[in-house]
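Asker: Just so it is clear, I am handing over protein00.cif, which has mmCIF, C-alpha atoms and all ligand atoms.
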```cif
data_input
loop_
_atom_site.label_atom_id
_atom_site.label_comp_id
_atom_site.auth_asym_id
_atom_site.auth_seq_id
_atom_site.Cartn_x
_atom_site.Cartn_y
_atom_site.Cartn_z
CA MET A 746 -0.57 -1.29 14.03
CA LYS A 747 -1.75 -4.78 13.21
CA ILE A 748 -2.08 -5.84 9.56
CA ASP A 749 -3.84 -9.11 8.71
CA VAL A 750 -3.75 -10.28 5.11
CA LEU A 751 -6.36 -12.68 3.71
CA THR A 752 -5.18 -14.53 0.61
CA ILE A 753 -5.51 -17.87 -1.15
CA PHE A 754 -1.75 -17.70 -1.81
CA PRO A 755 -0.14 -17.29 1.63
CA GLU A 756 3.27 -18.36 0.28
CA PHE A 757 3.24 -15.23 -1.86
CA PHE A 758 4.11 -13.32 1.33
CA ASP A 759 6.76 -15.74 2.64
CA THR A 760 9.68 -13.31 2.54
CA VAL A 761 8.30 -10.09 1.12
CA PHE A 762 7.96 -8.39 4.50
CA ASP A 763 11.38 -9.51 5.75
CA PHE A 764 13.51 -6.71 4.35
CA GLY A 765 14.52 -3.16 5.11
CA ILE A 766 12.09 -0.79 6.74
CA ILE A 767 9.25 -3.32 7.08
CA ARG A 768 11.51 -5.89 8.73
CA ARG A 769 12.82 -3.25 11.12
CA ALA A 770 9.31 -2.03 11.93
CA LYS A 771 8.26 -5.60 12.70
CA LEU A 772 11.29 -6.19 14.93
CA ALA A 773 10.65 -2.89 16.74
CA GLN A 774 7.00 -3.98 17.20
CA ILE A 775 5.76 -0.91 15.38
CA VAL A 776 3.72 -3.28 13.23
CA GLU A 777 2.57 -6.88 13.43
CA ILE A 778 1.77 -8.65 10.17
CA ASN A 779 -0.19 -11.92 9.94
CA ILE A 780 -0.98 -13.85 6.78
CA TYR A 781 -4.18 -15.92 6.71
CA ASP A 782 -4.99 -18.60 4.15
CA ILE A 783 -8.62 -18.06 3.07
CA ARG A 784 -8.82 -21.78 2.31
CA SER A 785 -8.37 -22.59 5.99
CA PHE A 786 -11.72 -20.89 6.69
CA THR A 787 -13.69 -23.09 4.28
CA THR A 788 -16.10 -25.55 5.84
CA ASP A 789 -16.97 -27.71 2.81
CA LYS A 790 -15.35 -31.04 1.97
CA HIS A 791 -13.42 -29.70 -1.03
CA HIS A 792 -12.24 -26.47 0.62
CA LYS A 793 -13.62 -24.43 -2.24
CA THR A 794 -12.77 -20.74 -2.26
CA ASP A 795 -14.42 -20.00 -5.62
CA ASP A 796 -17.39 -21.02 -7.71
CA LYS A 797 -19.15 -20.30 -11.02
CA PRO A 798 -20.88 -16.91 -11.32
CA PHE A 799 -24.66 -16.76 -11.02
CA GLY A 800 -26.02 -15.49 -14.33
CA GLY A 801 -23.21 -17.18 -16.25
CA GLY A 802 -20.08 -15.69 -17.72
CA ASP A 803 -16.37 -16.35 -17.79
CA GLY A 804 -14.19 -17.31 -14.88
CA MET A 805 -14.82 -17.98 -11.24
CA VAL A 806 -15.96 -15.79 -8.38
CA MET A 807 -14.49 -15.90 -4.89
CA LYS A 808 -17.02 -17.25 -2.43
CA CYS A 809 -18.16 -15.11 0.45
CA GLU A 810 -18.51 -17.72 3.23
CA PRO A 811 -14.78 -18.29 3.96
CA ILE A 812 -14.18 -14.54 4.00
CA PHE A 813 -17.06 -13.95 6.42
CA GLN A 814 -15.66 -16.79 8.58
CA ALA A 815 -12.21 -15.20 8.52
CA ILE A 816 -13.49 -11.74 9.48
CA GLU A 817 -15.62 -13.24 12.25
CA LYS A 818 -12.55 -15.02 13.62
CA ILE A 819 -10.16 -12.08 13.25
CA ILE A 820 -12.39 -9.18 14.35
CA GLY A 821 -14.94 -11.10 16.37
CA THR A 822 -17.88 -9.77 14.36
CA CYS A 823 -19.14 -9.51 10.80
CA GLU A 824 -21.21 -6.42 11.65
CA ARG A 825 -19.38 -3.49 10.13
CA GLU A 826 -21.03 -1.13 12.60
CA SER A 827 -19.59 -3.16 15.48
CA TYR A 828 -15.96 -3.16 14.31
CA PRO A 829 -13.71 -1.71 17.03
CA SER A 830 -12.65 1.85 16.24
CA GLY A 831 -9.55 2.01 14.03
CA THR A 832 -10.48 -1.25 12.30
CA ARG A 833 -10.48 -1.05 8.49
CA VAL A 834 -11.34 -3.94 6.20
CA VAL A 835 -9.76 -3.20 2.84
CA LEU A 836 -10.57 -4.99 -0.39
CA LEU A 837 -7.82 -4.68 -3.00
CA SER A 838 -9.43 -4.54 -6.42
CA PRO A 839 -9.18 -2.57 -9.66
CA GLN A 840 -12.63 -1.10 -8.88
CA GLY A 841 -11.35 0.62 -5.76
CA LYS A 842 -10.37 4.19 -4.99
CA GLN A 843 -6.91 4.85 -6.38
CA LEU A 844 -4.13 4.70 -3.80
CA LYS A 845 -2.43 8.04 -3.19
CA GLN A 846 0.11 9.17 -0.63
CA SER A 847 -2.75 10.99 1.16
CA ILE A 848 -4.65 7.70 1.56
CA ALA A 849 -1.56 5.92 2.89
CA ARG A 850 -1.13 8.83 5.30
CA GLU A 851 -4.74 8.58 6.46
CA PHE A 852 -4.38 4.84 7.17
CA ALA A 853 -1.06 5.39 8.97
CA ASP A 854 -2.59 8.10 11.15
CA GLU A 855 -5.99 6.58 11.88
CA ALA A 856 -5.99 2.79 11.48
CA LYS A 857 -4.98 0.48 14.30
CA HIS A 858 -6.06 -2.78 12.69
CA LEU A 859 -6.03 -3.33 8.94
CA ILE A 860 -7.46 -6.43 7.34
CA LEU A 861 -6.46 -6.67 3.69
CA ILE A 862 -8.55 -8.95 1.47
CA CYS A 863 -6.74 -10.01 -1.70
CA GLY A 864 -9.30 -10.59 -4.44
CA ARG A 865 -8.64 -13.16 -7.15
CA TYR A 866 -10.15 -14.57 -10.29
CA GLU A 867 -12.84 -12.59 -12.08
CA GLY A 868 -14.05 -11.06 -8.87
CA ILE A 869 -15.35 -11.58 -5.39
CA ASP A 870 -18.94 -12.15 -4.24
CA GLU A 871 -20.38 -8.63 -3.86
CA ARG A 872 -21.79 -9.45 -0.42
CA VAL A 873 -18.24 -9.21 0.93
CA ASN A 874 -18.21 -5.60 -0.23
CA ASP A 875 -21.77 -4.92 0.90
CA ALA A 876 -21.35 -6.22 4.44
CA LEU A 877 -17.69 -6.31 5.45
CA VAL A 878 -15.50 -3.91 3.51
CA THR A 879 -14.84 -0.39 4.78
CA ASP A 880 -12.44 0.65 1.98
CA GLU A 881 -11.94 -0.64 -1.57
CA ILE A 882 -8.50 0.30 -2.88
CA SER A 883 -6.86 0.01 -6.30
CA ILE A 884 -3.15 0.64 -6.81
CA GLY A 885 -3.66 1.91 -10.34
CA ASP A 886 -5.54 1.66 -13.58
CA TYR A 887 -4.30 -1.76 -14.64
CA VAL A 888 -5.45 -5.26 -13.86
CA LEU A 889 -3.32 -7.61 -11.76
CA SER A 890 -4.00 -11.34 -11.49
CA GLY A 891 -4.93 -10.75 -7.89
CA GLY A 892 -4.81 -8.31 -5.02
CA GLU A 893 -1.61 -9.76 -3.48
CA PRO A 894 0.90 -7.37 -5.09
CA ALA A 895 -1.48 -4.50 -4.27
CA ALA A 896 -1.63 -5.58 -0.60
CA ILE A 897 2.18 -5.49 -0.52
CA VAL A 898 2.27 -2.02 -2.07
CA LEU A 899 -0.33 -0.66 0.36
CA THR A 900 1.37 -2.26 3.37
CA ASP A 901 4.75 -0.79 2.41
CA ALA A 902 3.34 2.69 1.75
CA ILE A 903 1.61 2.73 5.16
CA ILE A 904 4.33 1.21 7.34
CA ARG A 905 7.00 3.71 6.32
CA LEU A 906 4.69 6.48 7.56
CA LEU A 907 4.20 5.00 11.03
CA PRO A 908 5.94 6.90 13.84
CA ASN A 909 9.59 5.79 14.22
CA ALA A 910 9.47 3.42 11.24
CA LEU A 911 12.10 5.40 9.36
CA GLY A 912 15.58 6.06 10.68
CA SER A 913 15.19 9.81 10.31
CA GLU A 914 11.86 11.54 10.92
CA THR A 915 12.49 13.94 8.07
CA SER A 916 12.84 11.25 5.42
CA ALA A 917 9.09 10.77 4.93
CA VAL A 918 8.38 14.49 5.13
CA ASN A 919 10.57 15.06 2.08
CA ASP A 920 9.20 12.09 0.12
CA SER A 921 7.74 12.54 -3.32
CA PHE A 922 4.02 13.43 -3.32
CA THR A 923 4.00 14.72 0.25
CA GLU A 924 3.49 18.24 -1.11
CA ASN A 925 2.18 17.16 -4.50
CA LEU A 926 5.78 17.42 -5.74
CA LEU A 927 8.16 14.77 -7.02
CA ASP A 928 11.38 14.31 -5.09
CA TYR A 929 14.51 16.33 -5.95
CA PRO A 930 17.58 14.59 -7.47
CA HIS A 931 20.10 12.92 -5.14
CA TYR A 932 23.85 12.36 -5.54
CA THR A 933 26.56 10.57 -3.60
CA GLN A 934 30.24 9.66 -4.13
CA PRO A 935 32.09 9.83 -6.46
CA ARG A 936 31.96 13.54 -7.29
CA ASP A 937 33.01 12.87 -10.87
CA PHE A 938 31.72 9.69 -12.47
CA ARG A 939 32.52 9.10 -16.14
CA GLY A 940 32.59 12.82 -16.76
CA MET A 941 29.26 13.43 -15.00
CA ASP A 942 29.76 15.90 -12.17
CA VAL A 943 27.70 16.40 -9.04
CA PRO A 944 26.00 19.85 -9.18
CA GLU A 945 28.35 22.43 -7.66
CA VAL A 946 25.76 23.84 -5.23
CA LEU A 947 25.57 20.51 -3.37
CA LEU A 948 29.28 20.78 -2.58
CA SER A 949 29.03 24.39 -1.44
CA GLY A 950 27.99 23.78 2.17
CA ASN A 951 25.46 26.62 1.78
CA HIS A 952 22.31 25.03 3.19
CA ALA A 953 19.94 27.81 2.19
CA GLU A 954 21.20 27.62 -1.42
CA ILE A 955 20.96 23.82 -1.37
CA GLU A 956 17.34 23.96 -0.14
CA LYS A 957 16.51 26.50 -2.85
CA TRP A 958 18.12 24.33 -5.55
CA ARG A 959 16.31 21.18 -4.36
CA ARG A 960 12.94 22.92 -4.34
CA GLN A 961 13.58 24.29 -7.83
CA LYS A 962 14.59 20.85 -9.14
CA ALA A 963 11.55 19.22 -7.53
CA LEU A 964 9.33 21.79 -9.24
CA GLU A 965 11.11 21.30 -12.60
CA LYS A 966 10.78 17.51 -12.41
CA THR A 967 7.12 17.75 -11.48
CA GLN A 968 6.50 20.25 -14.28
CA ILE A 969 8.11 17.90 -16.83
CA PHE A 970 6.93 14.48 -15.67
CA ARG A 971 3.78 15.06 -13.57
CA LYS A 972 2.26 18.38 -14.50
CA ASP A 973 -1.08 17.01 -13.31
CA LEU A 974 0.21 17.21 -9.72
CA LEU A 975 0.87 20.94 -10.02
CA ASP A 976 -2.52 21.56 -11.68
CA LYS A 977 -4.20 19.71 -8.82
CA GLU A 978 -2.35 21.82 -6.25
CA HIS A 979 -3.77 25.01 -7.71
CA SER A 980 -7.27 23.88 -8.64
N1 LIG B 1 -6.42 -6.57 -8.17
C1 LIG B 1 -6.30 -6.64 -9.50
N2 LIG B 1 -5.88 -5.48 -10.02
C2 LIG B 1 -5.72 -4.62 -8.97
C3 LIG B 1 -5.31 -3.27 -8.85
N3 LIG B 1 -4.98 -2.53 -9.92
N4 LIG B 1 -5.28 -2.73 -7.62
C4 LIG B 1 -5.63 -3.46 -6.54
N5 LIG B 1 -6.02 -4.73 -6.60
C5 LIG B 1 -6.07 -5.32 -7.79
#
```
Please rewrite the model in this file as structure tokens.

Answerer:
Amino acid sequence: MKIDVLTIFPEFFDTVFDFGIIRRAKLAQIVEINIYDIRSFTTDKHHKTDDKPFGGGDGMVMKCEPIFQAIEKIIGTCERESYPSGTRVVLLSPQGKQLKQSIAREFADEAKHLILICGRYEGIDERVNDALVTDEISIGDYVLSGGEPAAIVLTDAIIRLLPNALGSETSAVNDSFTENLLDYPHYTQPRDFRGMDVPEVLLSGNHAEIEKWRRQKALEKTQIFRKDLLDKEHS
């Protein structure tokens, strides 16, 4: 998979993809990540990436020309209908569809080339959305100063689902949300820490009992902290 990020703050991404699973996936050539500075696609003297909103109002709006230029350069076309199959142009914005594990899974399974546009300021010229964007994604009902942290979240959620990105194939299968359940509790050494013991069943070596206990705990946790997930499952 290739992931291209369009941002006016390229330095934001200087080291963020250089750790753990993402770093390993890059080294194993499971994913290639490129960061593009939107400013480098401006053609005016002052390299403006934003301007005042038509109709008045607070703040600045990101201009569409540099983003069209960038997409033209990266994909080879600004015609959404002509994008190669598996190409998705994603705008990160609070107006988008809320990111869920199922959406990350869909991108991991179907997308070959992701272009992530990090919005900034009060918004982005709507013509970007109208003509270029295939998916508008929000990472939650709160407003960030820009789409950069959201692009990092989306990238991380997708990469760990790519084939061979995780050390063990089962790790992602058991992740929280995969079955609309939160994860079960985990323990490691020491067995007794400050009077807090590891549950006896985990020391029993009885794998069937351990599975049963984990499932029960996952259900209990979901019932307590995210009942909405269980309601969704049965609606
Ligand atoms: N940009 C600003 N807020 C955002 C959010 N919640 N999700 C994605 N992009 C954003």

Asker: Would you place a box with edges along x, y and z of the file around all atoms of ligand LIG 1 (chain B) listed there, add 3 Å to each of its six sides, and report the centre and edge lengths in Å to one decimal, as JSON?

Answerer:
```
{"center_x": -5.7, "center_y": -4.6, "center_z": -8.3, "size_x": 7.4, "size_y": 10.1, "size_z": 9.5}
```

Asker: Find, counting all atoms listed in the file, the residue in A:Arg784, A:Lys845, A:His952, A:Arg960 that gets nearest to Gln814 (chain A).

Answerer: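 Closest candidate: A:Arg784.
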
Asker: Just the number, please: distance in Å from CA of Ile860 (chain A) to CA of Leu751 (chain A), one decimal.

Answerer: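 Separation of CA of Ile860 (chain A) and CA of Leu751 (chain A): 7.3 Å.
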
Asker: Determine, counting all atoms listed in the file, which protein, DNA and RNA residues have an atom within 7 Å of an atom of Gly892 (chain A); residues of the same chain fewer than 5 positions away are not included. Present the result as a PDB file with C-alpha atoms, in the coordinates of the input.

Answerer:
```pdb
ATOM      1  CA  LEU A 837      -7.820  -4.680  -3.000  1.00  0.00           C
ATOM      2  CA  SER A 838      -9.430  -4.540  -6.420  1.00  0.00           C
ATOM      3  CA  CYS A 863      -6.740 -10.010  -1.700  1.00  0.00           C
ATOM      4  CA  GLY A 864      -9.300 -10.590  -4.440  1.00  0.00           C
ATOM      5  CA  ARG A 865      -8.640 -13.160  -7.150  1.00  0.00           C
TER       6      ARG A 865
END
```

Asker: Closest to ligand LIG 1 (chain B) among A:Ile897, A:Leu859, A:Val750, A:Ile819, using all atoms listed in the file?

Answerer: A:Ile897

Asker: Which is closer to ligand LIG 1 (chain B) than all the others in A:Met941, A:Ile766, A:Leu889, A:Leu899, using only C-alpha atoms and all ligand atoms?

Answerer: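 Result for the nearest residue to ligand LIG 1 (chain B): A:Leu889.
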
Asker: Residues within 10 Å of ligand LIG 1 (chain B), counting all atoms listed in the file: report them as a PyMOL selection string.

Answerer: chain A and resi 836-844+862-868+881-896+898-899

Asker: So how far away is CA of Gly831 (chain A) from CA of Ala876 (chain A), in Å?

Answerer: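 Atom-to-atom, CA of Ala876 (chain A) to CA of Gly831 (chain A), that is 17.3 Å.
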
Asker: Select, from A:Phe799, A:Phe786, A:Phe762, A:Phe852, the residue with the minimum atom-to-atom distance to Phe813 (chain A), counting all atoms listed in the file.

Answerer: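 Of A:Phe799, A:Phe786, A:Phe762, A:Phe852, the one nearest Phe813 (chain A), counting all atoms listed in the file, is A:Phe786.
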
Asker: When you count all atoms listed in the file, which of these residues is closest to Pro811 (chain A): A:Asn779, A:Ser827, A:Thr832, A:Thr788?

Answerer: A:Thr788

Asker: What does the distance between CA of Gln961 (chain A) and CA of Leu926 (chain A) come to in Å, to one decimal place?

Answerer: 10.6 Å

Asker: For Asp870 (chain A), which residue among A:Ala770, A:Val943, A:Val806, A:Ala849 is the nearest when counting all atoms listed in the file?

Answerer: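 Using all atoms listed in the file, the shortest distance to Asp870 (chain A) belongs to A:Val806.
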
Asker: Within 8 Å of region 954-959 of chain A, counting only C-alpha atoms, which residues qualify if same-chain residues fewer than 6 places away don't, as a list in words?

Answerer: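 Contacts, with the query itself left out: Tyr929, Pro930, Val946 and Leu947 of chain A.
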
Asker: Tell me which protein, DNA and RNA residues are within 8 Å of Thr879 (chain A), counting only C-alpha atoms, leaving out same-chain ones fewer than 6 positions away, and put them as a PyMOL selection string.

Answerer: chain A and resi 825+833-835
